[in-house]
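Notes to accompany the following structure.
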Amino acid sequence: MLVLTGCGGSAGSEKSADSGSATTSLAETGGGAGKAASAPDHDAKQAPAVAEQAIISTGTIATETKDVAKARTQVQHVTDKHSGQVAEQETGTDDDGRPGHTRMVLRIPSTSFAKAMAELEKLGTLVDSSTTATDVTTEVVDTDVRVKNARASIERIRTLLARAEQISDVISIESELASREAELNSLLAQQAHLADQTSLSTITITISRAGTGSGDGDDAGFLPGLSAGWGALGALGIGVATAAGALLPWIPVIALVAVPIWLLVRRRRHVSTTVPTTATPAEAEA
């Protein structure tokens, strides 16, 4: 009987230990994951001693050329040559419908960034060119380690969820699991953004028509003066028409107010002029 009693007591203690192990392990997992997220020293030691350098490269080019449309086509050829793509394009035209300037944002593979910059600078008369390079190697390595630790933490929490028996433990573990998964999704988005910025470089090129800002002598002479006069006359006509259109709705209102006042004033004037005329004969007889 003593042996049976001892066996029953040990079985009961093991069952109670199993029921509380989920909550205790969850707390330990939470603490471990928090430490790994803030200071991933243990996993960082497992990372390669020399990580591949991650650079974000950007370039800006401003050129002038006589044929903007042709230069725009050449920019497209350079982009296709280096397996890039045109992310944005904006083109303005002159009065004749010809392209006067264009602005293009290119995404070029980082391995071809320097070659593409050199080729684009030769498409016209170079006005300005600048490049910037940002080293994000530490940020990339740190993000990779945090993603690895977050995935390991989620796997441990899922194991605890499978072993949980009480509803309170299940609810607590599921809440913690949802929080860890949201954190992992945020890290994955950051990781994807860094991968895109380091694998593809951004080049912004602006092409303007050469000589558009010069030519002050073209403003002198009879024809330019005549053109300026017609322009001023047209502007004056537009201004008069605009003023007339603005005053037109007020004409009936002004008429309703002004006509009665005008009739009243006219009647008073008529009375004031007829009274002295009728009074003069009586005064003469007196």
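By order of appearance in the structure tokens: chains A, B, ..., then residues from 1 within every chain, and ligands from 1 in the order shown.
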Q | For Val86 (chain A): contacts at 10 Å, only C-alpha atoms, fewer than 4 positions along chain excluded, given as a PyMOL selection string | A | chain A and resi 75-76+79-80+104-108+202-204
At most 7 Å is the cut-off: for each residue in region 89-181 of chain A with any atom that close to an atom of region 191-199 of chain A, write down the nearest atom pair and the distance in Å rounded to one decimal, counting only C-alpha atoms, chain first then increasing number, as a Markdown table.
```
| residue | atom | partner | partner_atom | distance |
| --- | --- | --- | --- | --- |
| A:Pro109 | CA | A:Ser199 | CA | 5.9 |
| A:Ser110 | CA | A:Ser199 | CA | 5.5 |
| A:Val140 | CA | A:Leu194 | CA | 6.9 |
| A:Thr143 | CA | A:Gln191 | CA | 6.3 |
```
Q: Run DSSP on the backbone and give me the residues of region 142-274 of chain A it puts in strand (DSSP E), as a PyMOL selection string.
A: chain A and resi 200-209
Q. So how many Å separate CA of Leu177 (chain A) and CA of Glu139 (chain A), to one decimal?
A. 25.5 Å
**Q.** Nearest to Arg180 (chain A) by atom-to-atom distance, counting only C-alpha atoms, from A:Ala152, A:Ile167, A:Arg269, A:Leu236
**A.** A:Ala152
Q.
List the spatial neighbours of Leu120 (chain A) as a list in words - criterion: any atom at most 10 Å away, only C-alpha atoms, same-chain residues fewer than 2 positions off excluded.
A. Ile61, Ala62, Thr63, Ala71, Gln74, Val75, Val78, Thr79, Lys115, Ala116, Met117, Ala118, Lys122, Leu123, Gly124, Leu126, Ile203 and Ile205 of chain A
With all heavy atoms kept, could you save the residues just selected as a short mmCIF file (atom, residue, chain, number, x, y, z; two decimals), in the first residue's frame?
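Printed below is selection_15.cif as written:
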```
data_model
loop_
_atom_site.label_atom_id
_atom_site.label_comp_id
_atom_site.auth_asym_id
_atom_site.auth_seq_id
_atom_site.Cartn_x
_atom_site.Cartn_y
_atom_site.Cartn_z
N ILE A 61 21.86 63.15 -62.66
CA ILE A 61 22.52 63.67 -63.87
C ILE A 61 21.61 64.73 -64.50
O ILE A 61 20.40 64.53 -64.59
CB ILE A 61 22.80 62.55 -64.90
CG1 ILE A 61 23.73 61.50 -64.29
CG2 ILE A 61 23.40 63.12 -66.18
CD1 ILE A 61 23.94 60.30 -65.21
N ALA A 62 22.21 65.84 -64.93
CA ALA A 62 21.51 66.89 -65.66
C ALA A 62 22.29 67.19 -66.94
O ALA A 62 23.49 67.50 -66.88
CB ALA A 62 21.35 68.15 -64.81
N THR A 63 21.64 67.06 -68.09
CA THR A 63 22.29 67.28 -69.37
C THR A 63 21.43 68.18 -70.26
O THR A 63 20.23 68.37 -70.00
CB THR A 63 22.54 65.94 -70.11
OG1 THR A 63 21.27 65.30 -70.37
CG2 THR A 63 23.40 65.02 -69.28
N ALA A 71 17.40 61.88 -77.18
CA ALA A 71 18.13 61.57 -75.94
C ALA A 71 17.30 60.69 -75.02
O ALA A 71 17.83 59.79 -74.35
CB ALA A 71 18.51 62.87 -75.23
N GLN A 74 17.67 57.22 -76.22
CA GLN A 74 18.99 56.70 -75.88
C GLN A 74 19.06 56.29 -74.40
O GLN A 74 19.70 55.29 -74.05
CB GLN A 74 20.05 57.74 -76.19
CG GLN A 74 20.22 58.01 -77.68
CD GLN A 74 21.18 59.15 -77.96
OE1 GLN A 74 21.54 59.92 -77.06
NE2 GLN A 74 21.62 59.27 -79.22
N VAL A 75 18.40 57.04 -73.53
CA VAL A 75 18.35 56.67 -72.12
C VAL A 75 17.65 55.32 -71.95
O VAL A 75 18.08 54.47 -71.17
CB VAL A 75 17.63 57.76 -71.30
CG1 VAL A 75 17.37 57.29 -69.87
CG2 VAL A 75 18.45 59.04 -71.28
N VAL A 78 20.10 52.57 -72.91
CA VAL A 78 21.08 52.30 -71.86
C VAL A 78 20.45 51.51 -70.72
O VAL A 78 21.05 50.58 -70.17
CB VAL A 78 21.68 53.63 -71.34
CG1 VAL A 78 22.57 53.39 -70.13
CG2 VAL A 78 22.46 54.32 -72.44
N THR A 79 19.24 51.85 -70.37
CA THR A 79 18.53 51.13 -69.30
C THR A 79 18.31 49.68 -69.67
O THR A 79 18.54 48.76 -68.86
CB THR A 79 17.19 51.82 -69.01
OG1 THR A 79 17.42 53.20 -68.70
CG2 THR A 79 16.50 51.16 -67.83
N LYS A 115 28.94 51.95 -64.74
CA LYS A 115 28.93 51.97 -66.20
C LYS A 115 27.73 52.74 -66.73
O LYS A 115 27.84 53.50 -67.70
CB LYS A 115 28.92 50.53 -66.72
CG LYS A 115 30.18 49.74 -66.42
CD LYS A 115 30.10 48.34 -67.00
CE LYS A 115 31.35 47.54 -66.70
NZ LYS A 115 31.28 46.16 -67.25
N ALA A 116 26.59 52.54 -66.12
CA ALA A 116 25.39 53.24 -66.58
C ALA A 116 25.54 54.75 -66.38
O ALA A 116 25.14 55.54 -67.25
CB ALA A 116 24.17 52.72 -65.84
N MET A 117 26.10 55.17 -65.26
CA MET A 117 26.32 56.60 -65.03
C MET A 117 27.24 57.20 -66.09
O MET A 117 26.96 58.28 -66.63
CB MET A 117 26.92 56.81 -63.64
CG MET A 117 25.94 56.67 -62.49
SD MET A 117 24.77 58.04 -62.34
CE MET A 117 25.88 59.40 -61.98
N ALA A 118 28.32 56.50 -66.42
CA ALA A 118 29.26 57.00 -67.42
C ALA A 118 28.61 57.11 -68.80
O ALA A 118 28.85 58.08 -69.53
CB ALA A 118 30.47 56.09 -67.48
N LYS A 122 27.23 60.90 -71.23
CA LYS A 122 27.70 61.20 -72.57
C LYS A 122 26.56 61.43 -73.57
O LYS A 122 26.82 61.65 -74.75
CB LYS A 122 28.57 60.05 -73.09
CG LYS A 122 29.83 59.82 -72.26
CD LYS A 122 30.62 58.64 -72.79
CE LYS A 122 31.87 58.37 -71.95
NZ LYS A 122 32.64 57.20 -72.45
N LEU A 123 25.33 61.41 -73.12
CA LEU A 123 24.19 61.56 -74.04
C LEU A 123 23.96 63.00 -74.46
O LEU A 123 23.18 63.25 -75.37
CB LEU A 123 22.92 61.00 -73.39
CG LEU A 123 22.93 59.50 -73.08
CD1 LEU A 123 21.59 59.07 -72.50
CD2 LEU A 123 23.24 58.69 -74.33
N GLY A 124 24.58 63.95 -73.82
CA GLY A 124 24.43 65.36 -74.16
C GLY A 124 25.50 66.17 -73.47
O GLY A 124 26.49 65.64 -72.97
N LEU A 126 26.94 67.75 -70.51
CA LEU A 126 26.77 67.50 -69.09
C LEU A 126 26.72 68.83 -68.33
O LEU A 126 27.61 69.66 -68.45
CB LEU A 126 27.90 66.63 -68.55
CG LEU A 126 27.81 66.21 -67.09
CD1 LEU A 126 26.57 65.38 -66.84
CD2 LEU A 126 29.06 65.44 -66.67
N ILE A 203 18.94 56.09 -60.42
CA ILE A 203 19.56 57.18 -61.18
C ILE A 203 18.46 58.09 -61.69
O ILE A 203 17.54 57.64 -62.38
CB ILE A 203 20.40 56.65 -62.36
CG1 ILE A 203 21.51 55.73 -61.87
CG2 ILE A 203 20.98 57.81 -63.16
CD1 ILE A 203 22.33 55.12 -63.00
N ILE A 205 17.79 61.26 -64.09
CA ILE A 205 18.40 62.03 -65.17
C ILE A 205 17.39 63.05 -65.69
O ILE A 205 16.23 62.72 -65.92
CB ILE A 205 18.90 61.11 -66.31
CG1 ILE A 205 19.53 61.95 -67.43
CG2 ILE A 205 17.80 60.21 -66.83
CD1 ILE A 205 20.26 61.13 -68.47
#
```
Q) Out of A:Val253, A:Thr159, A:Gly239, A:Leu200, which residue has the shortest atom-to-atom distance to Thr111 (chain A) when counting only C-alpha atoms? A)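 Comparing A:Val253, A:Thr159, A:Gly239, A:Leu200 against Thr111 (chain A), the winner is A:Leu200.
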Q. Of the candidates A:Thr125, A:Thr137, A:Ser130, A:Gln89, which one gets nearest to Lys66 (chain A) if we count only C-alpha atoms?
A.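 Of A:Thr125, A:Thr137, A:Ser130, A:Gln89, the one nearest Lys66 (chain A), counting only C-alpha atoms, is A:Thr125.
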Q: Would you mind writing down, as a PyMOL selection string, each residue of region 29-247 of chain A that DSSP on the backbone assigns to alpha helix (DSSP H)?
A: chain A and resi 29-38+41-46+68-81+113-121+137-163+167-199+222-247
Write out, as a compact mmCIF listing (two decimals), in the first residue's frame, the residues just selected, with C-alpha atoms.
```
# COMPACT_ATOMS: atom_id res chain seq x y z
CA THR A 29 10.52 31.92 -24.24
CA GLY A 30 9.29 35.50 -24.05
CA GLY A 31 12.30 36.57 -22.04
CA GLY A 32 14.70 34.78 -24.32
CA ALA A 33 13.09 36.20 -27.46
CA GLY A 34 13.14 39.70 -26.01
CA LYS A 35 16.83 39.40 -25.23
CA ALA A 36 17.51 38.02 -28.70
CA ALA A 37 15.63 40.89 -30.32
CA SER A 38 17.46 43.55 -28.30
CA ASP A 41 24.91 38.21 -29.24
CA HIS A 42 24.68 34.43 -29.31
CA ASP A 43 23.33 34.17 -32.84
CA ALA A 44 25.55 37.02 -34.02
CA LYS A 45 28.58 34.92 -33.18
CA GLN A 46 27.27 32.28 -35.57
CA VAL A 68 15.29 65.79 -76.27
CA ALA A 69 13.21 63.03 -77.87
CA LYS A 70 16.31 61.32 -79.28
CA ALA A 71 18.13 61.57 -75.94
CA ARG A 72 15.14 60.07 -74.18
CA THR A 73 15.26 57.08 -76.52
CA GLN A 74 18.99 56.70 -75.88
CA VAL A 75 18.35 56.67 -72.12
CA GLN A 76 15.88 53.83 -72.64
CA HIS A 77 18.49 51.89 -74.63
CA VAL A 78 21.08 52.30 -71.86
CA THR A 79 18.53 51.13 -69.30
CA ASP A 80 17.63 48.05 -71.34
CA LYS A 81 21.29 47.29 -71.94
CA PHE A 113 25.73 51.47 -61.63
CA ALA A 114 29.11 53.00 -62.52
CA LYS A 115 28.93 51.97 -66.20
CA ALA A 116 25.39 53.24 -66.58
CA MET A 117 26.32 56.60 -65.03
CA ALA A 118 29.26 57.00 -67.42
CA GLU A 119 27.13 56.18 -70.47
CA LEU A 120 24.28 58.47 -69.47
CA GLU A 121 26.63 61.41 -68.91
CA THR A 137 26.00 46.31 -44.19
CA THR A 138 25.51 46.45 -40.42
CA GLU A 139 21.79 47.08 -40.79
CA VAL A 140 21.40 44.18 -43.23
CA VAL A 141 23.28 41.74 -40.95
CA ASP A 142 21.34 42.87 -37.88
CA THR A 143 18.02 42.46 -39.68
CA ASP A 144 18.94 38.97 -40.90
CA VAL A 145 19.87 37.88 -37.36
CA ARG A 146 16.65 39.31 -35.91
CA VAL A 147 14.60 37.48 -38.54
CA LYS A 148 16.34 34.21 -37.70
CA ASN A 149 15.76 34.67 -33.96
CA ALA A 150 12.12 35.64 -34.47
CA ARG A 151 11.46 32.50 -36.50
CA ALA A 152 13.08 30.31 -33.85
CA SER A 153 11.01 31.99 -31.15
CA ILE A 154 7.79 31.37 -33.10
CA GLU A 155 8.65 27.69 -33.49
CA ARG A 156 9.17 27.35 -29.72
CA ILE A 157 5.86 29.07 -29.01
CA ARG A 158 4.05 26.77 -31.45
CA THR A 159 5.53 23.78 -29.61
CA LEU A 160 4.20 25.14 -26.32
CA LEU A 161 0.79 25.70 -27.92
CA ALA A 162 0.65 22.07 -28.99
CA ARG A 163 1.41 20.95 -25.40
CA ILE A 167 -7.83 27.21 -22.02
CA SER A 168 -6.12 30.07 -20.21
CA ASP A 169 -2.73 28.78 -21.34
CA VAL A 170 -3.96 28.40 -24.93
CA ILE A 171 -5.29 31.98 -25.01
CA SER A 172 -2.10 33.40 -23.53
CA ILE A 173 0.15 31.46 -25.91
CA GLU A 174 -1.94 32.38 -28.98
CA SER A 175 -1.76 36.06 -28.05
CA GLU A 176 2.01 35.88 -27.72
CA LEU A 177 2.25 33.96 -30.99
CA ALA A 178 0.27 36.64 -32.85
CA SER A 179 2.56 39.34 -31.45
CA ARG A 180 5.70 37.47 -32.52
CA GLU A 181 4.32 36.83 -36.00
CA ALA A 182 3.51 40.54 -36.45
CA GLU A 183 7.06 41.41 -35.41
CA LEU A 184 8.43 38.86 -37.88
CA ASN A 185 6.34 40.31 -40.72
CA SER A 186 7.70 43.78 -39.96
CA LEU A 187 11.27 42.46 -40.02
CA LEU A 188 10.65 40.64 -43.29
CA ALA A 189 9.32 43.85 -44.89
CA GLN A 190 12.42 45.72 -43.70
CA GLN A 191 14.62 42.95 -45.02
CA ALA A 192 12.93 43.04 -48.44
CA HIS A 193 13.28 46.83 -48.63
CA LEU A 194 16.99 46.66 -47.89
CA ALA A 195 17.44 43.91 -50.46
CA ASP A 196 15.69 46.02 -53.12
CA GLN A 197 17.71 49.15 -52.33
CA THR A 198 21.04 47.34 -52.35
CA SER A 199 20.39 45.21 -55.44
CA PHE A 222 9.34 94.93 -85.21
CA LEU A 223 7.95 91.38 -85.26
CA PRO A 224 8.65 90.64 -81.59
CA GLY A 225 7.13 94.03 -80.69
CA LEU A 226 4.06 93.31 -82.81
CA SER A 227 3.70 89.91 -81.22
CA ALA A 228 4.02 91.45 -77.76
CA GLY A 229 1.40 94.09 -78.65
CA TRP A 230 -1.07 91.48 -79.85
CA GLY A 231 -0.44 89.51 -76.70
CA ALA A 232 -1.11 92.57 -74.52
CA LEU A 233 -4.26 93.40 -76.50
CA GLY A 234 -5.50 89.85 -76.13
CA ALA A 235 -4.79 89.96 -72.41
CA LEU A 236 -6.71 93.25 -72.14
CA GLY A 237 -9.67 91.77 -74.03
CA ILE A 238 -9.68 88.76 -71.77
CA GLY A 239 -9.62 91.03 -68.72
CA VAL A 240 -12.53 93.14 -69.99
CA ALA A 241 -14.56 90.04 -70.84
CA THR A 242 -13.85 88.60 -67.41
CA ALA A 243 -14.98 91.83 -65.70
CA ALA A 244 -18.14 91.97 -67.83
CA GLY A 245 -18.96 88.38 -67.01
CA ALA A 246 -18.51 89.07 -63.31
CA LEU A 247 -20.77 92.19 -63.41
```
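Across the model, the gap from CA of Ser201 (chain A) to CA of Gly84 (chain A) is 9.3 Å.
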